[in-house]
>>> print(open('structure_10.cif').read())   # mmCIF, C-alpha atoms and all ligand atoms
data_work
#
loop_
_atom_site.label_atom_id
_atom_site.label_comp_id
_atom_site.auth_asym_id
_atom_site.auth_seq_id
_atom_site.Cartn_x
_atom_site.Cartn_y
_atom_site.Cartn_z
CA MET U 1 -153.50 54.72 -80.33
CA THR U 2 -152.01 55.83 -77.02
CA HIS U 3 -148.24 55.96 -77.31
CA LYS U 4 -145.69 57.16 -74.76
CA ALA U 5 -144.10 60.43 -75.79
CA HIS U 6 -142.77 62.71 -73.00
CA PRO U 7 -141.69 62.05 -69.42
CA ARG U 8 -144.43 64.36 -68.16
CA PRO U 9 -147.23 63.18 -65.89
CA TYR U 10 -149.47 60.77 -67.76
CA ASP U 11 -153.25 61.00 -67.94
CA ASP U 12 -153.64 57.30 -67.32
CA VAL U 13 -151.55 54.13 -67.30
CA LEU U 14 -152.33 53.40 -70.97
CA ALA U 15 -150.24 56.41 -71.98
CA THR U 16 -147.16 54.60 -70.60
CA ILE U 17 -147.45 51.71 -73.10
CA GLY U 18 -144.65 51.56 -75.65
CA TRP U 19 -141.34 53.40 -76.03
CA THR U 20 -139.83 50.60 -73.99
CA PRO U 21 -136.09 50.87 -73.38
CA MET U 22 -133.60 49.25 -75.71
CA ILE U 23 -130.82 47.70 -73.63
CA ARG U 24 -127.47 46.26 -74.73
CA LEU U 25 -126.56 42.73 -73.63
CA ASN U 26 -123.01 42.54 -72.34
CA ARG U 27 -122.33 39.18 -70.66
CA VAL U 28 -124.56 36.46 -72.14
CA THR U 29 -122.99 37.30 -75.51
CA ASP U 30 -119.86 35.36 -74.44
CA GLY U 31 -117.55 37.85 -76.14
CA ALA U 32 -119.32 37.96 -79.54
CA ARG U 33 -118.32 41.21 -81.29
CA THR U 34 -121.70 42.01 -82.87
CA PRO U 35 -123.77 44.18 -80.53
CA ILE U 36 -127.12 42.76 -79.38
CA TYR U 37 -129.84 45.01 -77.96
CA VAL U 38 -133.08 43.84 -76.40
CA LYS U 39 -136.31 45.78 -76.67
CA ALA U 40 -137.42 45.40 -73.05
CA GLU U 41 -141.19 44.90 -73.32
CA SER U 42 -141.39 43.94 -69.63
CA PHE U 43 -141.30 47.72 -68.98
CA ASN U 44 -144.86 48.02 -70.27
CA PRO U 45 -147.39 48.45 -67.43
CA GLY U 46 -148.83 44.94 -67.87
CA GLY U 47 -145.30 43.52 -68.06
CA SER U 48 -145.27 42.24 -71.64
CA VAL U 49 -145.20 43.04 -75.35
CA LYS U 50 -148.95 42.30 -75.43
CA ASP U 51 -149.92 45.60 -73.79
CA ARG U 52 -149.42 47.13 -77.23
CA ILE U 53 -152.17 45.03 -78.77
CA GLY U 54 -154.51 45.10 -75.75
CA ILE U 55 -155.23 48.80 -76.15
CA ALA U 56 -155.06 48.66 -79.97
CA LEU U 57 -157.64 45.85 -80.24
CA ILE U 58 -160.00 47.67 -77.87
CA GLU U 59 -159.68 51.05 -79.55
CA ALA U 60 -160.19 49.54 -83.02
CA ALA U 61 -163.31 47.72 -81.80
CA GLU U 62 -164.66 50.93 -80.27
CA ALA U 63 -164.04 52.79 -83.54
CA GLU U 64 -165.82 50.07 -85.57
CA GLY U 65 -168.77 49.99 -83.17
CA ALA U 66 -167.98 46.38 -82.20
CA LEU U 67 -167.50 47.26 -78.52
CA HIS U 68 -169.99 49.36 -76.57
CA PRO U 69 -169.88 50.96 -73.08
CA GLY U 70 -170.21 48.36 -70.34
CA GLY U 71 -169.36 45.61 -72.84
CA THR U 72 -167.44 42.39 -72.22
CA ILE U 73 -164.10 41.58 -73.87
CA VAL U 74 -163.59 37.86 -74.55
CA GLU U 75 -160.29 36.28 -75.60
CA GLY U 76 -158.37 33.03 -75.69
CA THR U 77 -154.93 33.85 -74.35
CA SER U 78 -151.68 32.29 -73.16
CA GLY U 79 -151.89 34.99 -70.50
CA ASN U 80 -150.06 38.08 -71.67
CA THR U 81 -152.68 39.26 -74.18
CA GLY U 82 -155.30 38.82 -71.48
CA ILE U 83 -153.23 40.96 -69.11
CA GLY U 84 -152.78 43.62 -71.82
CA LEU U 85 -156.53 43.62 -72.49
CA ALA U 86 -157.31 43.64 -68.75
CA VAL U 87 -155.12 46.72 -68.15
CA ALA U 88 -156.94 48.66 -70.87
CA ALA U 89 -160.35 47.27 -69.83
CA ALA U 90 -159.77 48.45 -66.24
CA VAL U 91 -159.11 52.01 -67.40
CA LYS U 92 -162.01 51.98 -69.84
CA GLY U 93 -164.58 50.18 -67.67
CA TYR U 94 -165.09 46.92 -69.61
CA GLN U 95 -165.58 43.39 -68.23
CA CYS U 96 -163.22 40.59 -69.32
CA VAL U 97 -163.63 36.84 -69.81
CA PHE U 98 -160.52 34.85 -70.74
CA THR U 99 -159.85 31.22 -71.61
CA ILE U 100 -156.32 29.96 -70.96
CA PRO U 101 -154.84 26.47 -71.51
CA ASP U 102 -153.78 24.66 -68.32
CA LYS U 103 -150.19 24.50 -69.63
CA MET U 104 -149.73 28.19 -68.75
CA SER U 105 -148.27 29.30 -65.42
CA ASP U 106 -150.44 29.78 -62.37
CA GLU U 107 -149.02 33.29 -62.04
CA LYS U 108 -150.74 34.31 -65.28
CA VAL U 109 -154.13 32.96 -64.17
CA ARG U 110 -153.78 34.76 -60.83
CA LEU U 111 -152.77 38.00 -62.55
CA LEU U 112 -155.81 37.89 -64.83
CA ARG U 113 -158.07 37.32 -61.82
CA ALA U 114 -156.33 40.13 -59.91
CA PHE U 115 -157.49 42.48 -62.67
CA GLY U 116 -161.07 41.29 -62.11
CA ALA U 117 -161.32 39.04 -65.17
CA ARG U 118 -163.34 35.83 -65.25
CA VAL U 119 -160.84 33.11 -66.20
CA ILE U 120 -161.69 29.69 -67.58
CA VAL U 121 -158.77 27.25 -67.58
CA THR U 122 -159.12 24.77 -70.46
CA PRO U 123 -157.24 21.51 -71.11
CA THR U 124 -154.15 21.78 -73.33
CA VAL U 125 -155.63 20.04 -76.41
CA GLU U 126 -155.31 20.14 -80.21
CA PRO U 127 -157.03 22.98 -82.12
CA ASP U 128 -159.75 20.65 -83.49
CA HIS U 129 -160.85 19.61 -79.96
CA PRO U 130 -164.09 21.29 -78.73
CA GLU U 131 -162.38 22.32 -75.46
CA TYR U 132 -159.52 24.11 -77.29
CA TYR U 133 -159.13 27.52 -75.60
CA GLY U 134 -159.74 29.47 -78.83
CA THR U 135 -162.92 27.51 -79.56
CA VAL U 136 -164.25 27.96 -76.01
CA ALA U 137 -163.57 31.73 -76.20
CA ARG U 138 -165.48 31.92 -79.50
CA ARG U 139 -168.41 30.05 -77.96
CA ILE U 140 -168.48 32.35 -74.89
CA ALA U 141 -168.41 35.45 -77.11
CA GLU U 142 -171.37 34.12 -79.13
CA GLU U 143 -173.35 33.44 -75.96
CA THR U 144 -172.51 36.70 -74.10
CA PRO U 145 -174.61 39.76 -74.91
CA ASN U 146 -172.73 43.01 -75.68
CA SER U 147 -169.43 41.15 -76.02
CA PHE U 148 -166.43 41.52 -78.31
CA LEU U 149 -164.01 38.71 -79.24
CA ALA U 150 -160.52 40.27 -79.50
CA ASP U 151 -159.39 37.36 -81.75
CA GLN U 152 -155.64 38.01 -81.66
CA PHE U 153 -154.81 35.09 -84.03
CA TYR U 154 -157.03 36.49 -86.80
CA ASN U 155 -157.48 40.22 -86.11
CA GLN U 156 -155.03 42.21 -88.28
CA VAL U 157 -155.13 45.06 -85.74
CA ASN U 158 -152.58 42.88 -83.89
CA PRO U 159 -149.69 43.02 -86.44
CA ASP U 160 -150.75 46.54 -87.36
CA ALA U 161 -150.15 47.71 -83.76
CA HIS U 162 -146.54 46.53 -84.07
CA TYR U 163 -146.19 48.11 -87.51
CA ARG U 164 -147.23 51.42 -85.96
CA THR U 165 -145.29 51.22 -82.67
CA THR U 166 -142.70 48.44 -82.19
CA GLY U 167 -141.18 48.76 -85.68
CA PRO U 168 -140.82 52.58 -85.66
CA GLU U 169 -139.41 52.53 -82.11
CA ILE U 170 -136.70 50.03 -83.10
CA TRP U 171 -135.86 52.09 -86.18
CA GLU U 172 -135.60 55.33 -84.20
CA GLN U 173 -133.81 53.88 -81.18
CA THR U 174 -131.10 52.39 -83.43
CA GLU U 175 -131.09 55.51 -85.66
CA GLY U 176 -131.74 53.22 -88.63
CA ARG U 177 -128.67 51.06 -87.87
CA VAL U 178 -130.58 47.84 -87.11
CA THR U 179 -129.32 45.02 -89.38
CA HIS U 180 -130.97 41.95 -87.78
CA PHE U 181 -134.29 41.58 -85.98
CA VAL U 182 -135.02 38.48 -83.88
CA ALA U 183 -138.42 37.62 -82.39
CA SER U 184 -140.57 34.53 -81.93
CA PRO U 185 -144.14 34.24 -83.16
CA GLY U 186 -147.05 33.19 -81.02
CA THR U 187 -149.72 34.96 -83.01
CA GLY U 188 -146.91 36.40 -85.15
CA GLY U 189 -148.19 39.93 -84.55
CA THR U 190 -144.93 41.27 -83.13
CA ILE U 191 -142.59 39.80 -85.74
CA SER U 192 -144.87 40.38 -88.75
CA GLY U 193 -145.75 44.00 -87.93
CA ALA U 194 -142.32 45.16 -86.79
CA ALA U 195 -140.52 43.29 -89.61
CA ARG U 196 -142.76 44.84 -92.24
CA PHE U 197 -141.96 48.33 -90.97
CA LEU U 198 -138.20 47.67 -90.76
CA LYS U 199 -138.03 46.08 -94.23
CA GLU U 200 -139.98 48.94 -95.76
CA ARG U 201 -137.32 51.28 -94.35
CA ASN U 202 -134.41 49.01 -95.27
CA PRO U 203 -135.05 45.80 -97.27
CA ASP U 204 -131.64 44.46 -96.13
CA VAL U 205 -132.74 44.13 -92.52
CA ARG U 206 -132.64 40.39 -91.86
CA VAL U 207 -135.58 38.99 -89.88
CA ILE U 208 -135.05 35.77 -87.94
CA ALA U 209 -137.88 33.93 -86.17
CA GLY U 210 -137.33 31.58 -83.26
CA ASP U 211 -139.62 28.58 -82.93
CA PRO U 212 -139.87 26.16 -80.00
CA GLU U 213 -139.12 22.51 -80.77
CA GLY U 214 -142.60 20.97 -81.21
CA SER U 215 -144.16 23.99 -82.98
CA VAL U 216 -145.08 23.67 -86.66
CA PHE U 217 -144.03 27.15 -87.87
CA ALA U 218 -140.38 26.43 -88.70
CA GLY U 219 -141.24 23.25 -90.64
CA TYR U 220 -143.99 25.05 -92.56
CA SER U 221 -141.57 27.84 -93.53
CA ARG U 222 -139.30 25.25 -95.16
CA THR U 223 -141.78 22.77 -96.70
CA GLY U 224 -145.06 24.68 -97.06
CA GLU U 225 -146.74 21.90 -95.13
CA VAL U 226 -148.13 21.94 -91.60
CA GLY U 227 -146.56 18.99 -89.80
CA GLU U 228 -147.50 17.27 -86.54
CA GLY U 229 -147.03 19.44 -83.46
CA ALA U 230 -145.54 18.11 -80.22
CA ALA U 231 -145.69 19.32 -76.61
CA TYR U 232 -143.18 21.83 -75.28
CA LYS U 233 -142.88 23.90 -72.11
CA VAL U 234 -141.97 27.40 -73.32
CA GLU U 235 -145.08 29.60 -73.08
CA GLY U 236 -146.62 32.12 -75.47
CA ILE U 237 -144.83 31.17 -78.69
CA GLY U 238 -145.14 28.51 -81.42
CA ASN U 239 -148.34 26.65 -82.26
CA ASP U 240 -149.67 23.56 -83.98
CA LYS U 241 -151.75 25.56 -86.43
CA LEU U 242 -150.97 28.65 -88.51
CA PRO U 243 -152.38 31.99 -87.28
CA ALA U 244 -153.72 34.46 -89.86
CA THR U 245 -151.64 37.12 -88.11
CA LEU U 246 -148.32 35.40 -88.88
CA HIS U 247 -147.04 36.72 -92.22
CA PHE U 248 -144.24 34.49 -93.43
CA ASP U 249 -143.39 36.93 -96.27
CA TRP U 250 -141.64 39.28 -93.86
CA ILE U 251 -139.51 36.57 -92.23
CA ASP U 252 -136.21 35.46 -93.80
CA GLU U 253 -135.42 32.47 -91.63
CA PHE U 254 -136.76 30.24 -88.84
CA ARG U 255 -134.58 28.57 -86.20
CA THR U 256 -135.78 25.90 -83.78
CA VAL U 257 -134.72 25.90 -80.12
CA ASP U 258 -135.56 23.39 -77.36
CA ASP U 259 -136.99 24.11 -73.90
CA HIS U 260 -133.76 23.39 -72.03
CA THR U 261 -131.69 25.82 -74.12
CA SER U 262 -134.43 28.48 -73.80
CA PHE U 263 -134.72 28.17 -70.02
CA HIS U 264 -130.96 28.05 -69.54
CA MET U 265 -130.60 31.35 -71.42
CA ALA U 266 -133.56 32.93 -69.54
CA ARG U 267 -131.78 32.15 -66.27
CA ARG U 268 -128.46 33.49 -67.56
CA ILE U 269 -130.04 36.77 -68.77
CA THR U 270 -131.56 37.23 -65.33
CA ARG U 271 -128.31 36.61 -63.43
CA GLU U 272 -125.77 38.05 -65.84
CA GLU U 273 -127.66 41.04 -67.26
CA GLY U 274 -130.00 41.89 -64.35
CA LEU U 275 -133.01 41.54 -66.65
CA PHE U 276 -135.69 39.23 -65.26
CA VAL U 277 -137.17 37.38 -68.26
CA GLY U 278 -139.16 34.27 -69.23
CA GLY U 279 -138.49 31.30 -71.50
CA SER U 280 -139.59 32.87 -74.79
CA THR U 281 -137.02 35.65 -74.29
CA GLY U 282 -134.39 33.01 -73.51
CA LEU U 283 -135.20 31.29 -76.82
CA ILE U 284 -134.96 34.54 -78.77
CA VAL U 285 -131.73 35.69 -77.14
CA HIS U 286 -130.12 32.27 -77.68
CA ILE U 287 -130.66 32.78 -81.41
CA ALA U 288 -129.48 36.41 -81.24
CA VAL U 289 -126.18 35.24 -79.69
CA GLU U 290 -125.79 32.56 -82.41
CA ILE U 291 -126.28 35.25 -85.06
CA ALA U 292 -123.89 37.63 -83.30
CA ARG U 293 -121.18 34.97 -83.53
CA GLU U 294 -121.95 34.14 -87.18
CA VAL U 295 -122.11 37.79 -88.33
CA ASP U 296 -119.02 38.73 -86.30
CA ASP U 297 -119.21 42.41 -87.21
CA PRO U 298 -119.07 45.23 -84.63
CA GLU U 299 -120.85 47.52 -87.13
CA ALA U 300 -123.90 45.25 -87.39
CA CYS U 301 -126.78 45.75 -84.95
CA ILE U 302 -128.99 42.92 -83.71
CA VAL U 303 -132.28 43.80 -82.02
CA ALA U 304 -134.13 41.06 -80.13
CA ILE U 305 -137.52 41.19 -78.41
CA LEU U 306 -137.55 40.76 -74.63
CA CYS U 307 -141.17 39.54 -74.36
CA ASP U 308 -142.11 39.56 -70.69
CA THR U 309 -140.98 39.32 -67.08
CA GLY U 310 -139.61 36.27 -65.28
CA GLU U 311 -141.97 36.99 -62.37
CA ARG U 312 -144.58 35.24 -64.51
CA TYR U 313 -142.55 32.00 -64.34
CA LEU U 314 -141.36 31.89 -60.71
CA SER U 315 -143.25 28.60 -60.31
CA LYS U 316 -141.53 27.08 -63.37
CA VAL U 317 -138.31 28.34 -64.99
CA PHE U 318 -137.13 29.69 -61.61
CA ASN U 319 -138.41 26.80 -59.49
CA ASP U 320 -135.91 24.01 -58.75
CA GLU U 321 -138.57 21.34 -58.08
CA TRP U 322 -140.41 22.07 -61.31
CA LEU U 323 -137.17 21.93 -63.32
CA GLU U 324 -136.27 18.58 -61.73
CA GLU U 325 -139.75 17.16 -62.33
CA ASN U 326 -139.46 18.18 -65.98
CA GLY U 327 -136.07 16.62 -66.62
CA MET U 328 -134.08 19.86 -66.45
CA GLY U 329 -132.53 19.33 -63.02
CA ASP U 330 -129.10 20.20 -64.40
CA LEU U 331 -130.26 23.86 -64.54
CA VAL U 332 -130.78 23.84 -60.77
CA ASP U 333 -128.08 25.56 -58.72
CA ARG U 334 -126.46 23.32 -56.21
CA PRO U 335 -124.69 24.92 -53.24
CA GLU U 336 -120.87 24.70 -53.49
CA SER U 337 -120.36 23.61 -49.92
CA PRO U 338 -122.46 20.83 -48.40
CA ASP U 339 -121.52 22.17 -44.91
CA GLY U 340 -123.16 25.57 -45.37
CA PRO U 341 -126.48 26.50 -43.73
CA GLU U 342 -129.45 24.67 -45.17
CA GLU U 343 -131.30 26.63 -47.84
CA ARG U 344 -135.03 27.05 -47.78
C1 LIG U 401 -144.32 35.29 -73.44
C2 LIG U 401 -144.64 35.58 -74.87
N1 LIG U 401 -143.66 35.74 -75.73
C3 LIG U 401 -143.90 35.99 -77.04
C4 LIG U 401 -145.14 36.07 -77.56
C5 LIG U 401 -145.35 36.21 -79.04
O1 LIG U 401 -145.87 37.39 -79.49
P1 LIG U 401 -146.80 37.43 -80.79
O2 LIG U 401 -148.11 36.83 -80.40
O3 LIG U 401 -146.92 38.88 -81.12
O4 LIG U 401 -146.17 36.65 -81.87
C6 LIG U 401 -146.17 35.89 -76.68
C7 LIG U 401 -147.52 35.89 -77.17
O5 LIG U 401 -148.48 35.58 -76.46
C8 LIG U 401 -145.93 35.65 -75.31
O6 LIG U 401 -146.92 35.46 -74.43
#
>>> encode(input="structure_10.cif", output="structure tokens")
Amino acid sequence: MTHKAHPRPYDDVLATIGWTPMIRLNRVTDGARTPIYVKAESFNPGGSVKDRIGIALIEAAEAEGALHPGGTIVEGTSGNTGIGLAVAAAVKGYQCVFTIPDKMSDEKVRLLRAFGARVIVTPTVEPDHPEYYGTVARRIAEETPNSFLADQFYNQVNPDAHYRTTGPEIWEQTEGRVTHFVASPGTGGTISGAARFLKERNPDVRVIAGDPEGSVFAGYSRTGEVGEGAAYKVEGIGNDKLPATLHFDWIDEFRTVDDHTSFHMARRITREEGLFVGGSTGLIVHIAVEIAREVDDPEACIVAILCDTGERYLSKVFNDEWLEENGMGDLVDRPESPDGPEER
């Protein structure tokens, strides 16, 4: 798999995927003594952690003979995997067809189309509904000649890509000092693959998963039963069914966080750290700060995943009207002085 190595000229954009910077958080930690570093996946060329699996899924399919020249890549995506696949497909000359639930931001749909993909927006429905985005993608793949379904929720190439890249990078960038790893599963590829690598190196590394309120993962981890899911606004993480790519064995603990807390932290990270991030990163960093306070040890080392860029959520997390319409108007900034010039 293509993996960034030297700051020399690159042969193509795919060679810039990975070796994302690890950056210390200094202000949103509110004085906690335990250092927190984020692995800034927004530095990937497609702007998210999913670039790692885009190229990995395509190269594995090519090697297996499941994807042929001029072929079509089909996937159900919350957006970022589609963008990761589209980046690699552009370089390699494949077509793309993506299904995406209508809950996801307009920016993601526009980005996928900008890369030349055909995008089908599906209703946000339960997994057993025939219009569920994963089911529609499967149907399109069956009906499209010379096509390949990337299948990120089942294809073990997904966690394996993180075992081979994200995990080793975290280990090397912290020189083996990482003590806590915080991420949030959508497919579970990132947390399962990276956690497996880190625990193989040091079984004492503690792995904490964030789960949005309404997702079934946290409840399942405690009871072994899949409960009823409920709607939530954070994108790309949680689910109301269990993906085959989420390996609970490598995760020590789940913590549930609501939309408001996630978005509040995403906005703080942007303004106080200069890192433009989305809601899933806000959720993860909220938990990382909780852990920093609990651990209270300057020798410990918390690493959290920064999943993607806030530019993808300008119409939502960073849009005052949207926040007000969704009952989170208290996150909106109100000008100090009512006499100042009117803001646009
Ligand atoms: C914004 C965002 N954060 C986090 C994730 C979770 O990553 P994974 O699917 O590897 O669990 C995703 C997955 O789509 C995502 O889009």
>>> atom_distance(input="structure_10.cif", atom1="atom CA of U:Val207", atom2="atom CA of U:Ala195")
6.6 Å
>>> residues_around(input="structure_10.cif", residues="stretch 42-58 of chain U", least_positions_apart="6", cutoff="10 Å", atoms="all atoms listed in the file", output="ChimeraX atom specification")
/U:1-3,13-21,64,66-67,73,79-89,92,94,111,148-152,155-162,164-166,189-190,275-278,305-312
>>> residues_around(input="structure_10.cif", residues="U:Thr34", least_positions_apart="5", cutoff="12 Å", atoms="all atoms listed in the file", output="PyMOL selection string")
chain U and resi 24-26+29+178-180+288-303
>>> closest_residue(input="structure_10.cif", among="U:Thr124, U:Thr245, U:Ser315, U:Gln173", to="ligand LIG 401 (chain U)", atoms="all atoms listed in the file")
U:Thr245
>>> atom_distance(input="structure_10.cif", atom1="atom CA of U:Glu253", atom2="atom CA of U:Arg201")
19.1 Å
>>> axis_aligned_box(input="structure_10.cif", around="ligand LIG 401 (chain U)", padding_each_side="5 Å", output="lines of an AutoDock Vina configuration file")
center_x = -146.1
center_y = 37.1
center_z = -77.7
size_x = 14.8
size_y = 13.6
size_z = 18.4
>>> residues_around(input="structure_10.cif", residues="stretch 208-220 of chain U", least_positions_apart="3", cutoff="10 Å", atoms="all atoms listed in the file", output="VMD selection string")
chain U and resid 180 to 186 188 191 to 192 195 205 223 to 235 237 to 243 246 248 250 to 259 262 280 to 281 283 to 288 291 304
>>> atom_distance(input="structure_10.cif", atom1="atom CA of U:Tyr133", atom2="atom CA of U:Leu314")
23.6 Å
>>> closest_residue(input="structure_10.cif", among="U:Ala40, U:Val97, U:Ala32, U:Val332", to="ligand LIG 401 (chain U)", atoms="only C-alpha atoms and all ligand atoms")
U:Ala40
>>> closest_residue(input="structure_10.cif", among="U:Pro145, U:Pro69, U:Gly76, U:Pro168", to="ligand LIG 401 (chain U)", atoms="all atoms listed in the file")
U:Gly76
>>> closest_residue(input="structure_10.cif", among="U:Tyr37, U:Phe318, U:Phe197, U:Phe153", to="ligand LIG 401 (chain U)", atoms="all atoms listed in the file")
U:Phe153
>>> closest_residue(input="structure_10.cif", among="U:Ser105, U:Thr270, U:Val136, U:His129", to="ligand LIG 401 (chain U)", atoms="all atoms listed in the file")
U:Ser105
>>> closest_residue(input="structure_10.cif", among="U:Val109, U:Val91, U:Tyr313, U:Val74", to="U:Asp11", atoms="only C-alpha atoms")
U:Val91
>>> residues_around(input="structure_10.cif", residues="U:Asp102", least_positions_apart="6", cutoff="6 Å", atoms="all atoms listed in the file", output="VMD selection string")
chain U and resid 121 to 124
>>> decode(input="structure_10.cif", residues="stretch 112-143 of chain U", atoms="C-alpha atoms", output="mmCIF file, in the first residue's frame")
data_model
loop_
_atom_site.group_PDB
_atom_site.id
_atom_site.type_symbol
_atom_site.label_atom_id
_atom_site.label_comp_id
_atom_site.auth_asym_id
_atom_site.auth_seq_id
_atom_site.Cartn_x
_atom_site.Cartn_y
_atom_site.Cartn_z
ATOM 1 C CA LEU U 112 -18.257 13.340 -4.181
ATOM 2 C CA ARG U 113 -19.809 14.849 -7.314
ATOM 3 C CA ALA U 114 -16.810 17.187 -7.730
ATOM 4 C CA PHE U 115 -14.649 14.076 -8.060
ATOM 5 C CA GLY U 116 -16.935 12.846 -10.860
ATOM 6 C CA ALA U 117 -18.813 10.222 -8.847
ATOM 7 C CA ARG U 118 -22.464 9.358 -9.427
ATOM 8 C CA VAL U 119 -24.175 9.963 -6.081
ATOM 9 C CA ILE U 120 -27.532 8.563 -5.005
ATOM 10 C CA VAL U 121 -28.946 10.184 -1.871
ATOM 11 C CA THR U 122 -31.094 7.685 0.053
ATOM 12 C CA PRO U 123 -33.537 8.265 2.924
ATOM 13 C CA THR U 124 -32.107 7.871 6.446
ATOM 14 C CA VAL U 125 -33.879 4.589 7.308
ATOM 15 C CA GLU U 126 -33.297 1.452 9.404
ATOM 16 C CA PRO U 127 -30.926 -1.239 8.052
ATOM 17 C CA ASP U 128 -33.826 -3.627 7.252
ATOM 18 C CA HIS U 129 -35.513 -1.061 4.955
ATOM 19 C CA PRO U 130 -35.040 -1.721 1.187
ATOM 20 C CA GLU U 131 -33.891 1.892 0.646
ATOM 21 C CA TYR U 132 -31.125 1.626 3.298
ATOM 22 C CA TYR U 133 -27.962 3.052 1.700
ATOM 23 C CA GLY U 134 -25.958 -0.167 2.176
ATOM 24 C CA THR U 135 -28.708 -2.258 0.577
ATOM 25 C CA VAL U 136 -29.066 0.115 -2.382
ATOM 26 C CA ALA U 137 -25.272 0.047 -2.939
ATOM 27 C CA ARG U 138 -25.326 -3.770 -2.921
ATOM 28 C CA ARG U 139 -28.154 -3.779 -5.460
ATOM 29 C CA ILE U 140 -26.319 -1.310 -7.752
ATOM 30 C CA ALA U 141 -23.126 -3.398 -7.587
ATOM 31 C CA GLU U 142 -25.085 -6.529 -8.576
ATOM 32 C CA GLU U 143 -26.659 -4.733 -11.530
#
